[in-house]
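Below is one structure; the comments refer to it alone.
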Amino acid sequence: MANDIQPITEAQHRAAAAFRALHEHGLFVLPNAWDAVSAALIARAGAPVIATTSAAVAWSLGRGDGEQLTRDEMVAHVRRITGAVDVPVTADVEGGYGPAPEDVAATVAAVVAAGAVGVNLEDSNAPGGGLFDPVAQSDRLRAARAAAEAAGLPELVINARTDVYLFGIGAPEGRFDDVLARAAAYAEAGADSLFVPGLLDLATLTDLVGKTSLPINVMAGPGGPTVAELAATGVRRVSVGSALAQAAYARAEAAAVELLQHGTYTALADALDFGSVQGLFRR
C-alpha cells in the first residue's frame, strides 16, 4: 500500500481545516454514510461533513461490524466515498485494525492517503468487550497523530471514542469520572474531540462539556434528545451511527414485502428517480 500513497493535496488540507473549524463553536450534525451513493445524497442534503459508519460499511460488503473487514477493504471503501463528494470525509476506523500503536498508525496513514481528513478511533479492544486502559489508548492516539503528521496532514481531526457508557463499563456511579479521566489523557495524547456513544442524559452531558477541554460528540437517534436539546448542553457534534442505513434497509424490506405479497408498488412511489441518482456521479 505504501507505493499507492500520493502527496496530500491543497484541497485535502482545506477540507481538514474546514472540518477542524466546525468544532470551534456551535453544533454540527453528521448523518453517517455507508457507500458512495449515500455519501453523495447526504452531501446534497446539506451536510458539511460526511462521516462513515463502520457497521453499515461492513454490512454493505456482506460482513458484520467489529473489524470483520480487512484494513484494505475498509480503506478502499473510504476512497470511493471521498471520490464521490466535495465535502470533508471522516472515517470510522473502529479500533484501528489491530491493538498495537503500529497498527493504528498504519490505518491512519492509509485512510489519509484515501482522502479522509478525520478519524474515529475507539478504545474498545473487542466489540462489546473490555476497553484499553487509558495509558494504552493514549499510546495508540499518539501513534495516530504521529502517522497523520508523517503522512503530511497534521491537521487530521482525531475523534477519540470511549465506550464506557455504551458497554456499561464499571459501576454506574464511576463511569462519569472514568470518562473525564480518559478525556484528559486522550486530549494530552493528541485527540481533538471526544465521542461518548451511549450517553444522552442532558444533565450529564452539560456537566461533561463543562469539565473537559475536548468538544463532545454524541450518537443520537429515535427516542433520544433532539438536536436542539443537545445543542443546549454545549455538545459540538451529533452523529447517528448506522441508523440512517437501518432506515434505508427497513424501507427496502417493506417495499419488497409489498411487491411480493400484494403485487403493488406504493412504497416505491416516491423513490428517487433514476436520473437523480445517476446524476450524482456526473463529476
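Naming scheme: A, B, ... for chains in displayed order of the C-alpha cells; residues 1 onward per chain; ligands 1 onward as shown.
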Exercise: stretch 229-236 of chain A partners within 8 Å, only C-alpha atoms, chain neighbours under 3 positions left out, as a VMD selection string: chain A and resid 23 25 to 28 202 to 203 205 to 206 209 215 to 218 225 to 226
Could you dump the residues just selected with C-alpha atoms as a tab-separated table (two decimals), in the first residue's frame?
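After the write, out-v2.tsv holds the following:
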```tsv
chain	number	residue	atom	x	y	z
A	23	HIS	CA	-15.55	22.19	16.25
A	25	HIS	CA	-18.40	26.81	18.24
A	26	GLY	CA	-22.00	25.72	17.84
A	27	LEU	CA	-23.12	22.24	16.86
A	28	PHE	CA	-22.97	20.34	13.59
A	202	LEU	CA	-28.77	16.03	29.11
A	203	ALA	CA	-27.67	16.98	32.62
A	205	LEU	CA	-23.70	15.91	29.06
A	206	THR	CA	-23.85	19.50	30.31
A	209	VAL	CA	-18.96	19.63	28.47
A	215	PRO	CA	-15.50	19.10	22.07
A	216	ILE	CA	-18.08	16.36	22.73
A	217	ASN	CA	-19.63	14.11	20.08
A	218	VAL	CA	-22.74	12.07	20.88
A	225	PRO	CA	-32.99	14.21	22.76
A	226	THR	CA	-33.44	16.47	19.74
```
DSSP helix (DSSP H, G or I) residues within stretch 8-227 of chain A, listed as a PyMOL selection string: chain A and resi 10-21+36-44+54-60+71-84+101-113+134-151+172-188+202-211+227
Resulting file, chosen residues, C-alpha atoms, as a CSV table (one decimal), in the first residue's frame:
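out-v8.csv, written as the output of this step:
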```
chain,number,residue,atom,x,y,z
A,10,GLU,CA,-4.2,21.5,-1.1
A,11,ALA,CA,-7.9,20.5,-1.4
A,12,GLN,CA,-7.4,17.9,1.3
A,13,HIS,CA,-5.6,20.5,3.5
A,14,ARG,CA,-8.5,22.9,3.0
A,15,ALA,CA,-11.1,20.2,3.8
A,16,ALA,CA,-9.2,19.3,7.0
A,17,ALA,CA,-9.1,22.9,8.1
A,18,ALA,CA,-12.8,23.4,7.3
A,19,PHE,CA,-13.7,20.3,9.4
A,20,ARG,CA,-11.5,21.4,12.3
A,21,ALA,CA,-13.2,24.8,12.3
A,36,ALA,CA,-20.7,6.4,-2.4
A,37,VAL,CA,-24.4,6.9,-3.1
A,38,SER,CA,-25.4,7.5,0.5
A,39,ALA,CA,-22.5,9.9,0.9
A,40,ALA,CA,-23.4,11.9,-2.2
A,41,LEU,CA,-27.1,12.1,-1.1
A,42,ILE,CA,-26.1,13.2,2.4
A,43,ALA,CA,-23.9,15.9,1.0
A,44,ARG,CA,-26.6,17.0,-1.4
A,54,SER,CA,-18.3,1.1,10.4
A,55,ALA,CA,-21.3,-1.1,10.9
A,56,ALA,CA,-23.2,-0.2,7.7
A,57,VAL,CA,-19.9,-0.1,5.6
A,58,ALA,CA,-19.3,-3.7,6.7
A,59,TRP,CA,-22.9,-4.7,6.0
A,60,SER,CA,-22.8,-3.2,2.5
A,71,ARG,CA,-8.0,-2.7,6.6
A,72,ASP,CA,-7.5,-2.7,2.9
A,73,GLU,CA,-11.3,-3.3,2.3
A,74,MET,CA,-12.2,-0.5,4.6
A,75,VAL,CA,-9.7,1.9,3.1
A,76,ALA,CA,-10.9,1.1,-0.4
A,77,HIS,CA,-14.5,2.0,0.7
A,78,VAL,CA,-13.3,5.3,2.2
A,79,ARG,CA,-11.6,6.1,-1.1
A,80,ARG,CA,-14.8,5.5,-3.0
A,81,ILE,CA,-16.7,7.9,-0.6
A,82,THR,CA,-14.1,10.6,-0.7
A,83,GLY,CA,-14.2,10.4,-4.5
A,84,ALA,CA,-17.9,10.9,-4.6
A,101,PRO,CA,0.1,1.6,18.1
A,102,GLU,CA,1.8,0.5,14.9
A,103,ASP,CA,-1.5,-1.0,13.7
A,104,VAL,CA,-3.2,2.3,14.4
A,105,ALA,CA,-0.5,4.3,12.6
A,106,ALA,CA,-0.8,2.1,9.5
A,107,THR,CA,-4.6,2.5,9.4
A,108,VAL,CA,-4.4,6.3,9.8
A,109,ALA,CA,-1.8,6.6,7.1
A,110,ALA,CA,-3.9,4.5,4.8
A,111,VAL,CA,-7.2,6.5,5.3
A,112,VAL,CA,-5.3,9.8,4.9
A,113,ALA,CA,-3.9,8.5,1.6
A,134,PRO,CA,-6.1,5.0,29.3
A,135,VAL,CA,-2.3,4.7,29.1
A,136,ALA,CA,-2.5,2.1,26.3
A,137,GLN,CA,-5.2,4.0,24.4
A,138,SER,CA,-3.1,7.2,24.8
A,139,ASP,CA,-0.2,5.5,23.1
A,140,ARG,CA,-2.5,4.5,20.3
A,141,LEU,CA,-3.7,8.1,19.9
A,142,ARG,CA,-0.2,9.4,19.9
A,143,ALA,CA,0.6,6.9,17.1
A,144,ALA,CA,-2.4,8.2,15.1
A,145,ARG,CA,-1.3,11.8,15.5
A,146,ALA,CA,2.3,10.9,14.5
A,147,ALA,CA,1.1,9.0,11.5
A,148,ALA,CA,-1.0,11.9,10.3
A,149,GLU,CA,2.0,14.2,10.6
A,150,ALA,CA,4.2,11.8,8.8
A,151,ALA,CA,1.6,11.5,6.0
A,172,PRO,CA,-22.6,3.2,37.1
A,173,GLU,CA,-21.5,5.7,39.7
A,174,GLY,CA,-17.9,5.6,38.5
A,175,ARG,CA,-18.5,6.0,34.7
A,176,PHE,CA,-18.5,9.8,34.6
A,177,ASP,CA,-15.2,10.1,36.4
A,178,ASP,CA,-13.7,7.3,34.2
A,179,VAL,CA,-14.8,9.3,31.1
A,180,LEU,CA,-13.3,12.5,32.5
A,181,ALA,CA,-10.0,10.8,33.2
A,182,ARG,CA,-9.9,9.3,29.7
A,183,ALA,CA,-10.8,12.7,28.2
A,184,ALA,CA,-7.9,14.4,29.9
A,185,ALA,CA,-5.5,11.6,28.9
A,186,TYR,CA,-6.8,11.5,25.3
A,187,ALA,CA,-6.5,15.2,24.9
A,188,GLU,CA,-2.9,15.2,26.1
A,202,LEU,CA,-28.8,16.0,29.1
A,203,ALA,CA,-27.7,17.0,32.6
A,204,THR,CA,-24.7,14.6,32.5
A,205,LEU,CA,-23.7,15.9,29.1
A,206,THR,CA,-23.8,19.5,30.3
A,207,ASP,CA,-21.6,18.5,33.2
A,208,LEU,CA,-19.2,16.7,30.9
A,209,VAL,CA,-19.0,19.6,28.5
A,210,GLY,CA,-18.1,21.9,31.4
A,211,LYS,CA,-15.4,19.7,32.7
A,227,VAL,CA,-30.5,18.2,18.1
```
Which of A:Leu280, A:Ala248, A:Ala91, A:Ala243 sits closest to A:Ile158 [using only C-alpha atoms]: A:Ala91
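Distance annotation: of A:Ala45, A:Val85, A:Leu22, A:Leu166, the residue with the minimal separation from A:Arg282 is A:Val85; atom set is only C-alpha atoms.
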Near-A:Ala255 list (9 Å; only C-alpha atoms; drop same-chain fewer than 3 positions) as a PyMOL selection string: chain A and resi 250-252+258-260+264-268
Could you write out that same residue set with N, CA and C atoms as an mmCIF file, in the first residue's frame?
```
data_model
loop_
_atom_site.group_PDB
_atom_site.id
_atom_site.type_symbol
_atom_site.label_atom_id
_atom_site.label_comp_id
_atom_site.auth_asym_id
_atom_site.auth_seq_id
_atom_site.Cartn_x
_atom_site.Cartn_y
_atom_site.Cartn_z
ATOM 1 N N ALA A 250 -34.855 -0.858 6.125
ATOM 2 C CA ALA A 250 -36.229 -1.134 6.519
ATOM 3 C C ALA A 250 -37.188 -0.791 5.389
ATOM 4 N N ARG A 251 -36.921 0.315 4.716
ATOM 5 C CA ARG A 251 -37.795 0.704 3.614
ATOM 6 C C ARG A 251 -37.672 -0.269 2.444
ATOM 7 N N ALA A 252 -36.460 -0.716 2.172
ATOM 8 C CA ALA A 252 -36.266 -1.686 1.093
ATOM 9 C C ALA A 252 -37.014 -2.981 1.391
ATOM 10 N N GLU A 258 -44.278 -5.697 0.171
ATOM 11 C CA GLU A 258 -45.477 -5.248 -0.539
ATOM 12 C C GLU A 258 -45.541 -5.825 -1.945
ATOM 13 N N LEU A 259 -44.413 -5.770 -2.643
ATOM 14 C CA LEU A 259 -44.363 -6.274 -4.012
ATOM 15 C C LEU A 259 -44.635 -7.773 -4.070
ATOM 16 N N LEU A 260 -44.004 -8.529 -3.166
ATOM 17 C CA LEU A 260 -44.131 -9.989 -3.189
ATOM 18 C C LEU A 260 -45.483 -10.475 -2.690
ATOM 19 N N THR A 264 -48.231 -4.788 -5.398
ATOM 20 C CA THR A 264 -48.414 -3.344 -5.582
ATOM 21 C C THR A 264 -47.093 -2.618 -5.321
ATOM 22 N N TYR A 265 -47.090 -1.308 -5.622
ATOM 23 C CA TYR A 265 -45.843 -0.563 -5.661
ATOM 24 C C TYR A 265 -45.891 0.733 -4.852
ATOM 25 N N THR A 266 -46.773 0.793 -3.877
ATOM 26 C CA THR A 266 -46.953 2.040 -3.127
ATOM 27 C C THR A 266 -45.650 2.531 -2.509
ATOM 28 N N ALA A 267 -44.887 1.623 -1.931
ATOM 29 C CA ALA A 267 -43.654 2.014 -1.235
ATOM 30 C C ALA A 267 -42.586 2.543 -2.187
ATOM 31 N N LEU A 268 -42.776 2.286 -3.496
ATOM 32 C CA LEU A 268 -41.796 2.745 -4.480
ATOM 33 C C LEU A 268 -42.182 4.089 -5.101
#
```
Sel. of strand (DSSP E or B) residues, stretch 90-231 of chain A, as a ChimeraX atom specification: /A:90-92,118-122,124,131,157-161,193-195,216-219
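Counting from atom CA of A:Ser239, the distance to atom CA of A:Asn32 is 6.7 Å.
Among A:Gly275, A:Gly198, A:Gly95, A:Gly46, the residue with the shortest atom-to-atom distance to A:Gly66, counting only C-alpha atoms, is A:Gly95.
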Point-to-point distance from atom CA of A:Asn159 to atom CA of A:Phe195, Å rounded to tenths: 6.3 Å
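Residue neighbourhood of A:Val93, excluding near-sequence residues (fewer than 5 positions): Val119, Asn120 and Leu121 of chain A, at 7 Å, using only C-alpha atoms.
Between A:Gln246 and the candidates A:Arg161, A:Trp34, A:Leu153, A:Phe274, the tightest atom-to-atom separation, counting only C-alpha atoms, involves A:Trp34.
Proximity ranking of A:Ala247, A:Ala254, A:Ala220, A:Ala160 relative to A:Asp92 places A:Ala160 first, based on only C-alpha atoms.
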